[in-house]
Each structure stands twice: as structure tokens, then as C-alpha cells.
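Student: Dumping the structure here so I can ask a few things about it.
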Amino acid sequence: GMAAITYTIQTLCEAGDNIVSVSTLYGGTYNLFAHALPRQGIEVRFFDYTKPETLLDMIDERTKLVFGESSGNPLGNVLNIARISEFAHSKGIPVVIDNTVATPTLCRPFEHGADIVIHSLTKYINGSSDTVGGVVCASQEFINSLKNVNDGASMLLGPTMDSLRSASVMKNLRTLHIRMKQHSHNAMYLANKFEADGIKTVYPGLASHPSHEIYKTMINQEYGFGGMMTIDVGSL
């Protein structure tokens, strides 16, 4: 997953460029943006996902993409992809969405305006804790640029999955829809129980979640609200 994000950015950006990103991200992604990319000369400008209009002030002539996660890991924050895409596209900037937590069964960011969608195969899609991988979903033109033999990041920097692992992921993908329904069912059950017991619980399936109504418009509700749930146990 991290390789998919890294090579997408390296394909779109060069030293001196910048990207605009939500500030609430998976820890590995945040560290890539805050520490590794600046060493390569790529600036990352963070905005508050609850105030998507603020990204407009951060875009300039060297901005190459806007980045976000459809559903955050592990904070459970939900990105209004349609709104983000509207603002970014008004400036001619592509939108890249990490859809790992939601998976394609729950949410399809392309339907809400995203231009490039990234998934970590390591988590739900493979589902068996025996593979590390990632995938980039985009136009044929962009995929071709990733694979270009002369300057394509995916071609030249080596993030190629072997055939055995690829076959394993494809096999496990057949049960993704079944697994995601059960993950969502389990998470909703626990979230309701924890909240009823007075434990601070963050889960987009709860009516108390600040983005509950937005997420309902983004997902295929047949598969629920996903398996990612966060509880705040206070100080230990």
C-alpha cells in the first residue's frame, strides 16, 4: 500500500512540486508526507478535512494532486470525496484517494469524483495476513506512465509482486464481499455495545459519528459501514 502511494506521487511530482493532503492519515502515510517526501524536494501542505474549502488557498501552480482517505485509519474520519473533488477539479488538480479501509465493496471513490484510487492489499482485500501488497487504480494512460520502461516508477524501482502472491490475492478476493459484510456486522454490534456502556466509540455506522450521514451517501449499505472501529479508553 505504501509503495502504491509513493510511486503514484513520484509519477505526478518532481522536486519543487507540492501536494495538498488531509492531515488525518494512516501513520505510515503521514510520516511519508511529513518527513520522507520533503527530503525529495516535494512539499506537503495539510488541511482540515472538516473544512474542505481551505484546500483552495493551498493550491498553486506547483500543486500536482490532492490526497485523502475515504475512511481514515484508525481515527474513523470520513472524507467528503465529492466536495474535495469539486474544489480540486475547479483548479485542474487530480484527486488521489486511499480506499483501503472501505474497500471497493463499501465505497467506490471514482463515483464521487476521484481520479486515482489506491488500495493496500495487505488488509481486507487479501484478508489472510500472509501478503504485503498494494494496487493503483487509474486511467490506462496513468497506469502506462507507471510502467514506462524509461521513467516509470513502478517499472524502475521494483515494487513488483511475484506470481504466487498475486494468485493468492486473487483467490482471496473471491470472498471479500462475504468477509466485509461480517466485518461490518461485528463492528456495528461492538460499537453499539461499547457506546451503550458509556465508552467513547468512533464508528461511522453510529448515528453519533459526525460524518454518519455523509458516509451513508457514499457507501453501498448492503455491506455496512466497515470493520474499522476506534474506542477511547483514556489514560492507562
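Residues in the C-alpha cells are numbered from 1 in each chain, the chains being A, B, ... in the order shown, and ligands are numbered from 1 in the order shown.
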Set the distance at 8 Å and use only C-alpha atoms: which residues neighbour A:Asp48 once local chain neighbours fewer than 6 positions away are removed? I'd like the list as a PyMOL selection string.
Tutor: chain A and resi 22-24+54
Student: Output as a VMD selection string all residues of stretch 92-216 of chain A that backbone DSSP marks as helix (DSSP H, G or I).
Tutor: chain A and resid 103 to 106 109 to 112 121 to 125 140 to 146 153 to 156 163 to 173 176 to 196 212 to 216
Student: Show me, as a PyMOL selection string, the residues that have an atom within 7 Å of A:Ile97 when counting only C-alpha atoms, minus same-chain residues fewer than 4 positions from it.
Tutor: chain A and resi 67-70+114+116-118
Student: In Å, with one decimal, what is the gap from atom CA of A:Leu25 to atom CA of A:Asn73?
Tutor: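 Interatomic distance, atom CA of A:Leu25 to atom CA of A:Asn73: 6.6 Å.
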Student: Name the closest residue to A:Arg39 among the candidates A:Pro159, A:Gly16, A:Gly152, A:Gly205; distances are taken between atoms, counting only C-alpha atoms.
Tutor: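 Smallest separation from A:Arg39 among the options: A:Gly16.
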Student: For stretch 32-38 of chain A, work out the shell of residues within 12 Å, counting only C-alpha atoms and skipping chain neighbours fewer than 3 positions away, then give it as an mmCIF file with N, CA and C atoms, in the first residue's frame.
Tutor:
data_model
loop_
_atom_site.group_PDB
_atom_site.id
_atom_site.type_symbol
_atom_site.label_atom_id
_atom_site.label_comp_id
_atom_site.auth_asym_id
_atom_site.auth_seq_id
_atom_site.Cartn_x
_atom_site.Cartn_y
_atom_site.Cartn_z
ATOM 1 N N MET A 2 1.885 1.286 0.839
ATOM 2 C CA MET A 2 2.766 2.455 0.883
ATOM 3 C C MET A 2 3.505 2.621 -0.430
ATOM 4 N N ALA A 3 3.885 1.511 -1.060
ATOM 5 C CA ALA A 3 4.552 1.608 -2.359
ATOM 6 C C ALA A 3 3.614 2.209 -3.397
ATOM 7 N N ILE A 5 1.184 4.308 -2.925
ATOM 8 C CA ILE A 5 1.082 5.751 -2.676
ATOM 9 C C ILE A 5 2.353 6.462 -3.142
ATOM 10 N N THR A 6 3.504 5.907 -2.747
ATOM 11 C CA THR A 6 4.786 6.547 -3.053
ATOM 12 C C THR A 6 4.995 6.695 -4.557
ATOM 13 N N TYR A 7 4.745 5.625 -5.318
ATOM 14 C CA TYR A 7 5.035 5.675 -6.749
ATOM 15 C C TYR A 7 3.996 6.481 -7.518
ATOM 16 N N ILE A 9 2.748 9.275 -6.276
ATOM 17 C CA ILE A 9 3.229 10.638 -6.070
ATOM 18 C C ILE A 9 4.484 10.913 -6.895
ATOM 19 N N GLN A 10 5.394 9.953 -6.959
ATOM 20 C CA GLN A 10 6.616 10.157 -7.734
ATOM 21 C C GLN A 10 6.339 10.260 -9.233
ATOM 22 N N CYS A 13 4.769 13.973 -9.423
ATOM 23 C CA CYS A 13 5.539 15.093 -8.872
ATOM 24 C C CYS A 13 7.025 14.967 -9.164
ATOM 25 N N GLU A 14 7.686 16.106 -9.112
ATOM 26 C CA GLU A 14 9.145 16.168 -9.139
ATOM 27 C C GLU A 14 9.580 17.181 -8.098
ATOM 28 N N ALA A 15 10.881 17.261 -7.848
ATOM 29 C CA ALA A 15 11.395 18.206 -6.859
ATOM 30 C C ALA A 15 10.931 19.619 -7.172
ATOM 31 N N GLY A 16 10.427 20.307 -6.153
ATOM 32 C CA GLY A 16 9.897 21.654 -6.322
ATOM 33 C C GLY A 16 8.388 21.694 -6.380
ATOM 34 N N ASP A 17 7.755 20.529 -6.600
ATOM 35 C CA ASP A 17 6.294 20.463 -6.622
ATOM 36 C C ASP A 17 5.757 20.313 -5.200
ATOM 37 N N ASN A 18 4.432 20.401 -5.075
ATOM 38 C CA ASN A 18 3.793 20.183 -3.782
ATOM 39 C C ASN A 18 2.489 19.413 -3.955
ATOM 40 N N ILE A 19 2.066 18.785 -2.881
ATOM 41 C CA ILE A 19 0.751 18.145 -2.851
ATOM 42 C C ILE A 19 -0.022 18.703 -1.664
ATOM 43 N N VAL A 20 -1.343 18.612 -1.747
ATOM 44 C CA VAL A 20 -2.223 19.054 -0.666
ATOM 45 C C VAL A 20 -2.932 17.820 -0.123
ATOM 46 N N SER A 21 -2.899 17.639 1.191
ATOM 47 C CA SER A 21 -3.437 16.422 1.783
ATOM 48 C C SER A 21 -4.210 16.719 3.056
ATOM 49 N N VAL A 22 -5.181 15.853 3.341
ATOM 50 C CA VAL A 22 -5.824 15.911 4.659
ATOM 51 C C VAL A 22 -4.765 15.599 5.712
ATOM 52 N N SER A 23 -4.961 16.105 6.912
ATOM 53 C CA SER A 23 -3.955 15.923 7.967
ATOM 54 C C SER A 23 -4.175 14.655 8.776
ATOM 55 N N THR A 24 -5.384 14.112 8.743
ATOM 56 C CA THR A 24 -5.681 12.892 9.488
ATOM 57 C C THR A 24 -5.493 11.701 8.563
ATOM 58 N N LEU A 25 -4.368 10.997 8.735
ATOM 59 C CA LEU A 25 -3.972 9.936 7.821
ATOM 60 C C LEU A 25 -3.468 8.718 8.581
ATOM 61 N N TYR A 26 -3.418 7.585 7.873
ATOM 62 C CA TYR A 26 -2.708 6.411 8.363
ATOM 63 C C TYR A 26 -1.285 6.837 8.727
ATOM 64 N N GLY A 27 -0.774 6.321 9.852
ATOM 65 C CA GLY A 27 0.505 6.792 10.370
ATOM 66 C C GLY A 27 1.651 6.703 9.384
ATOM 67 N N GLY A 28 1.727 5.603 8.635
ATOM 68 C CA GLY A 28 2.792 5.457 7.654
ATOM 69 C C GLY A 28 2.718 6.500 6.566
ATOM 70 N N THR A 29 1.491 6.792 6.128
ATOM 71 C CA THR A 29 1.304 7.810 5.091
ATOM 72 C C THR A 29 1.680 9.184 5.618
ATOM 73 N N GLY A 41 12.349 16.909 -1.965
ATOM 74 C CA GLY A 41 12.003 18.194 -2.556
ATOM 75 C C GLY A 41 10.532 18.362 -2.870
ATOM 76 N N ILE A 42 9.678 17.486 -2.323
ATOM 77 C CA ILE A 42 8.236 17.584 -2.540
ATOM 78 C C ILE A 42 7.580 18.070 -1.254
ATOM 79 N N GLU A 43 6.964 19.226 -1.303
ATOM 80 C CA GLU A 43 6.316 19.809 -0.133
ATOM 81 C C GLU A 43 4.913 19.237 0.025
ATOM 82 N N VAL A 44 4.500 18.998 1.266
ATOM 83 C CA VAL A 44 3.140 18.542 1.552
ATOM 84 C C VAL A 44 2.441 19.582 2.421
ATOM 85 N N ARG A 45 1.283 20.031 1.961
ATOM 86 C CA ARG A 45 0.500 21.027 2.684
ATOM 87 C C ARG A 45 -0.757 20.352 3.223
ATOM 88 N N PHE A 46 -0.931 20.409 4.534
ATOM 89 C CA PHE A 46 -2.032 19.707 5.176
ATOM 90 C C PHE A 46 -3.217 20.635 5.430
ATOM 91 N N PHE A 67 -4.738 14.714 -1.866
ATOM 92 C CA PHE A 67 -4.756 13.349 -1.331
ATOM 93 C C PHE A 67 -5.665 13.243 -0.106
ATOM 94 N N GLY A 68 -6.342 12.098 0.005
ATOM 95 C CA GLY A 68 -7.149 11.833 1.195
ATOM 96 C C GLY A 68 -7.493 10.366 1.303
#
Student: Taking into account only C-alpha atoms, which residue in the set A:Thr122, A:Ser71, A:Asn144, A:Gln40 is nearest to A:Gly226?
Tutor: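 Closest candidate: A:Ser71.
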Student: As a compact mmCIF listing (two decimals) with all heavy atoms, in the first residue's frame, please: all residues of stretch 30-209 of chain A that backbone DSSP puts in strand (DSSP E or B).
Tutor:
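After the write, selection_1.txt holds the following:
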# COMPACT_ATOMS: atom_id res chain seq x y z
N GLU A 43 6.96 19.23 -1.30
CA GLU A 43 6.32 19.81 -0.13
C GLU A 43 4.91 19.24 0.02
O GLU A 43 4.20 19.01 -0.96
CB GLU A 43 6.23 21.33 -0.29
CG GLU A 43 5.53 22.03 0.88
CD GLU A 43 5.28 23.51 0.61
OE1 GLU A 43 5.62 23.98 -0.50
OE2 GLU A 43 4.71 24.17 1.49
N VAL A 44 4.50 19.00 1.27
CA VAL A 44 3.14 18.54 1.55
C VAL A 44 2.44 19.58 2.42
O VAL A 44 2.96 19.96 3.48
CB VAL A 44 3.13 17.17 2.25
CG1 VAL A 44 1.68 16.72 2.50
CG2 VAL A 44 3.88 16.13 1.42
N ARG A 45 1.28 20.03 1.96
CA ARG A 45 0.50 21.03 2.68
C ARG A 45 -0.76 20.35 3.22
O ARG A 45 -1.54 19.79 2.47
CB ARG A 45 0.13 22.18 1.75
CG ARG A 45 1.36 22.85 1.13
CD ARG A 45 1.01 23.81 0.03
NE ARG A 45 2.20 24.47 -0.50
CZ ARG A 45 2.19 25.34 -1.51
NH1 ARG A 45 1.04 25.64 -2.12
NH2 ARG A 45 3.32 25.90 -1.91
N PHE A 46 -0.93 20.41 4.53
CA PHE A 46 -2.03 19.71 5.18
C PHE A 46 -3.22 20.63 5.43
O PHE A 46 -3.04 21.79 5.81
CB PHE A 46 -1.57 19.11 6.51
CG PHE A 46 -0.56 18.01 6.36
CD1 PHE A 46 0.78 18.24 6.65
CD2 PHE A 46 -0.94 16.75 5.94
CE1 PHE A 46 1.72 17.23 6.52
CE2 PHE A 46 -0.01 15.73 5.81
CZ PHE A 46 1.32 15.97 6.10
N PHE A 47 -4.44 20.09 5.22
CA PHE A 47 -5.65 20.85 5.52
C PHE A 47 -6.59 20.01 6.37
O PHE A 47 -6.48 18.78 6.44
CB PHE A 47 -6.34 21.33 4.24
CG PHE A 47 -7.02 20.23 3.44
CD1 PHE A 47 -8.38 19.97 3.59
CD2 PHE A 47 -6.30 19.47 2.53
CE1 PHE A 47 -9.00 18.97 2.85
CE2 PHE A 47 -6.90 18.47 1.79
CZ PHE A 47 -8.26 18.22 1.95
N THR A 63 1.23 22.71 -7.50
CA THR A 63 0.45 21.65 -6.85
C THR A 63 0.09 20.59 -7.88
O THR A 63 -0.43 20.90 -8.95
CB THR A 63 -0.84 22.21 -6.22
OG1 THR A 63 -0.50 23.24 -5.29
CG2 THR A 63 -1.62 21.10 -5.51
N LYS A 64 0.37 19.32 -7.56
CA LYS A 64 0.16 18.24 -8.52
C LYS A 64 -0.96 17.28 -8.16
O LYS A 64 -1.46 16.55 -9.01
CB LYS A 64 1.47 17.45 -8.70
CG LYS A 64 2.56 18.25 -9.40
CD LYS A 64 2.10 18.71 -10.78
CE LYS A 64 3.22 19.29 -11.62
NZ LYS A 64 3.68 20.59 -11.18
N LEU A 65 -1.40 17.27 -6.88
CA LEU A 65 -2.50 16.38 -6.52
C LEU A 65 -3.05 16.75 -5.15
O LEU A 65 -2.39 17.41 -4.35
CB LEU A 65 -2.06 14.91 -6.52
CG LEU A 65 -1.03 14.48 -5.49
CD1 LEU A 65 -1.70 13.78 -4.29
CD2 LEU A 65 0.00 13.53 -6.10
N VAL A 66 -4.29 16.32 -4.92
CA VAL A 66 -4.92 16.40 -3.59
C VAL A 66 -5.13 14.98 -3.11
O VAL A 66 -5.64 14.13 -3.84
CB VAL A 66 -6.25 17.16 -3.65
CG1 VAL A 66 -7.00 17.07 -2.31
CG2 VAL A 66 -6.03 18.63 -4.02
N PHE A 67 -4.74 14.71 -1.87
CA PHE A 67 -4.76 13.35 -1.33
C PHE A 67 -5.66 13.24 -0.11
O PHE A 67 -5.73 14.16 0.72
CB PHE A 67 -3.34 12.92 -0.94
CG PHE A 67 -3.23 11.48 -0.49
CD1 PHE A 67 -2.95 10.48 -1.41
CD2 PHE A 67 -3.44 11.14 0.84
CE1 PHE A 67 -2.86 9.15 -1.00
CE2 PHE A 67 -3.35 9.82 1.25
CZ PHE A 67 -3.06 8.83 0.33
N GLY A 68 -6.34 12.10 0.00
CA GLY A 68 -7.15 11.83 1.19
C GLY A 68 -7.49 10.37 1.30
O GLY A 68 -7.19 9.57 0.42
N GLU A 69 -8.11 9.99 2.41
CA GLU A 69 -8.58 8.63 2.64
C GLU A 69 -10.09 8.65 2.74
O GLU A 69 -10.66 9.49 3.44
CB GLU A 69 -7.99 8.08 3.94
CG GLU A 69 -6.48 7.98 3.93
CD GLU A 69 -5.88 7.63 5.28
OE1 GLU A 69 -6.63 7.69 6.29
OE2 GLU A 69 -4.69 7.30 5.33
N SER A 71 -12.10 6.62 4.24
CA SER A 71 -12.37 6.40 5.67
C SER A 71 -11.03 6.23 6.36
O SER A 71 -10.21 5.41 5.95
CB SER A 71 -13.24 5.15 5.87
OG SER A 71 -13.55 4.95 7.23
N VAL A 78 -14.28 10.48 8.09
CA VAL A 78 -14.83 10.22 6.75
C VAL A 78 -14.61 11.46 5.88
O VAL A 78 -14.94 12.57 6.28
CB VAL A 78 -16.33 9.89 6.83
CG1 VAL A 78 -16.93 9.78 5.43
CG2 VAL A 78 -16.53 8.58 7.59
N VAL A 95 -7.43 14.16 -7.95
CA VAL A 95 -7.67 13.71 -6.58
C VAL A 95 -7.27 12.24 -6.45
O VAL A 95 -7.70 11.40 -7.25
CB VAL A 95 -9.16 13.88 -6.20
CG1 VAL A 95 -9.45 13.28 -4.82
CG2 VAL A 95 -9.54 15.36 -6.23
N VAL A 96 -6.44 11.97 -5.45
CA VAL A 96 -5.99 10.61 -5.17
C VAL A 96 -6.58 10.18 -3.83
O VAL A 96 -6.41 10.87 -2.82
CB VAL A 96 -4.45 10.53 -5.10
CG1 VAL A 96 -4.00 9.10 -4.79
CG2 VAL A 96 -3.83 11.03 -6.40
N ILE A 97 -7.28 9.04 -3.81
CA ILE A 97 -7.95 8.56 -2.61
C ILE A 97 -7.45 7.18 -2.22
O ILE A 97 -7.43 6.26 -3.04
CB ILE A 97 -9.49 8.50 -2.81
CG1 ILE A 97 -10.06 9.89 -3.09
CG2 ILE A 97 -10.17 7.86 -1.60
CD1 ILE A 97 -9.94 10.86 -1.94
N ASP A 98 -7.05 7.05 -0.96
CA ASP A 98 -6.72 5.74 -0.38
C ASP A 98 -8.04 5.15 0.14
O ASP A 98 -8.65 5.66 1.06
CB ASP A 98 -5.72 5.91 0.75
CG ASP A 98 -5.28 4.57 1.36
OD1 ASP A 98 -6.00 3.57 1.21
OD2 ASP A 98 -4.21 4.54 2.01
N CYS A 107 -17.25 1.36 -0.78
CA CYS A 107 -17.16 2.68 -1.40
C CYS A 107 -16.36 2.62 -2.69
O CYS A 107 -15.32 1.94 -2.74
CB CYS A 107 -16.49 3.66 -0.43
SG CYS A 107 -16.30 5.35 -1.06
N ILE A 116 -7.69 8.90 -9.07
CA ILE A 116 -6.83 7.74 -8.81
C ILE A 116 -7.23 7.16 -7.47
O ILE A 116 -7.42 7.89 -6.50
CB ILE A 116 -5.34 8.14 -8.80
CG1 ILE A 116 -4.93 8.73 -10.16
CG2 ILE A 116 -4.46 6.95 -8.44
CD1 ILE A 116 -3.54 9.36 -10.16
N VAL A 117 -7.37 5.83 -7.41
CA VAL A 117 -7.75 5.15 -6.16
C VAL A 117 -6.69 4.13 -5.81
O VAL A 117 -6.25 3.35 -6.67
CB VAL A 117 -9.13 4.48 -6.28
CG1 VAL A 117 -9.50 3.76 -4.98
CG2 VAL A 117 -10.20 5.51 -6.64
N ILE A 118 -6.30 4.13 -4.55
CA ILE A 118 -5.24 3.24 -4.06
C ILE A 118 -5.82 2.32 -2.99
O ILE A 118 -6.63 2.74 -2.16
CB ILE A 118 -4.08 4.07 -3.49
CG1 ILE A 118 -3.35 4.81 -4.62
CG2 ILE A 118 -3.10 3.19 -2.70
CD1 ILE A 118 -2.36 5.83 -4.16
N HIS A 119 -5.39 1.06 -3.03
CA HIS A 119 -5.77 0.10 -2.00
C HIS A 119 -4.52 -0.59 -1.48
O HIS A 119 -3.64 -0.96 -2.27
CB HIS A 119 -6.70 -0.99 -2.55
CG HIS A 119 -8.01 -0.50 -3.05
ND1 HIS A 119 -9.08 -0.29 -2.21
CD2 HIS A 119 -8.43 -0.17 -4.29
CE1 HIS A 119 -10.11 0.14 -2.93
NE2 HIS A 119 -9.73 0.23 -4.19
N SER A 120 -4.45 -0.80 -0.18
CA SER A 120 -3.49 -1.74 0.37
C SER A 120 -4.12 -3.12 0.29
O SER A 120 -5.19 -3.36 0.84
CB SER A 120 -3.16 -1.40 1.84
OG SER A 120 -2.42 -2.45 2.42
N GLY A 134 0.02 -3.68 -2.69
CA GLY A 134 -0.83 -2.52 -2.94
C GLY A 134 -1.20 -2.45 -4.40
O GLY A 134 -0.56 -3.09 -5.25
N VAL A 135 -2.22 -1.68 -4.69
CA VAL A 135 -2.69 -1.56 -6.06
C VAL A 135 -3.09 -0.12 -6.35
O VAL A 135 -3.60 0.58 -5.47
CB VAL A 135 -3.88 -2.52 -6.33
CG1 VAL A 135 -5.08 -2.16 -5.48
CG2 VAL A 135 -4.25 -2.56 -7.80
N VAL A 136 -2.81 0.32 -7.58
CA VAL A 136 -3.21 1.64 -8.05
C VAL A 136 -4.27 1.45 -9.14
O VAL A 136 -4.04 0.72 -10.11
CB VAL A 136 -2.01 2.42 -8.64
CG1 VAL A 136 -2.46 3.78 -9.17
CG2 VAL A 136 -0.92 2.58 -7.60
N CYS A 137 -5.41 2.09 -8.97
CA CYS A 137 -6.49 2.04 -9.96
C CYS A 137 -6.60 3.42 -10.60
O CYS A 137 -6.79 4.41 -9.89
CB CYS A 137 -7.82 1.66 -9.30
SG CYS A 137 -7.77 0.15 -8.32
N LYS A 200 -16.34 5.95 24.94
CA LYS A 200 -16.26 6.81 23.77
C LYS A 200 -15.88 5.97 22.56
O LYS A 200 -14.79 5.41 22.50
CB LYS A 200 -15.24 7.93 23.98
CG LYS A 200 -15.18 8.93 22.83
CD LYS A 200 -14.20 10.05 23.10
CE LYS A 200 -14.15 11.03 21.94
NZ LYS A 200 -13.18 12.12 22.18
N THR A 201 -16.78 5.87 21.59
CA THR A 201 -16.62 4.98 20.45
C THR A 201 -16.73 5.75 19.15
O THR A 201 -17.67 6.53 18.97
CB THR A 201 -17.69 3.87 20.47
OG1 THR A 201 -17.66 3.22 21.75
CG2 THR A 201 -17.45 2.84 19.37
N VAL A 202 -15.78 5.55 18.27
CA VAL A 202 -15.78 6.21 16.95
C VAL A 202 -16.01 5.14 15.89
O VAL A 202 -15.16 4.29 15.66
CB VAL A 202 -14.47 6.95 16.69
CG1 VAL A 202 -14.50 7.63 15.32
CG2 VAL A 202 -14.20 7.98 17.78
Student: Which one is closest to A:Ile84: A:Ile125, A:Val169, A:Leu56, A:Leu12? Count only C-alpha atoms.
Tutor: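 Under the stated criterion, the closest residue is A:Leu56.
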Student: For A:Ile199, which residue among A:Ser166, A:Thr230, A:Ser139, A:Ser154 is the nearest when counting only C-alpha atoms?
Tutor: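 Counting only C-alpha atoms, the residue closest to A:Ile199 is A:Thr230.
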Student: If we count only C-alpha atoms, what is near A:His177 at a cut-off of 12 Å, once residues fewer than 2 positions away on the same chain are taken out, given as a PyMOL selection string?
Tutor: chain A and resi 102-106+124-127+172-175+179-184+220+222-224+226
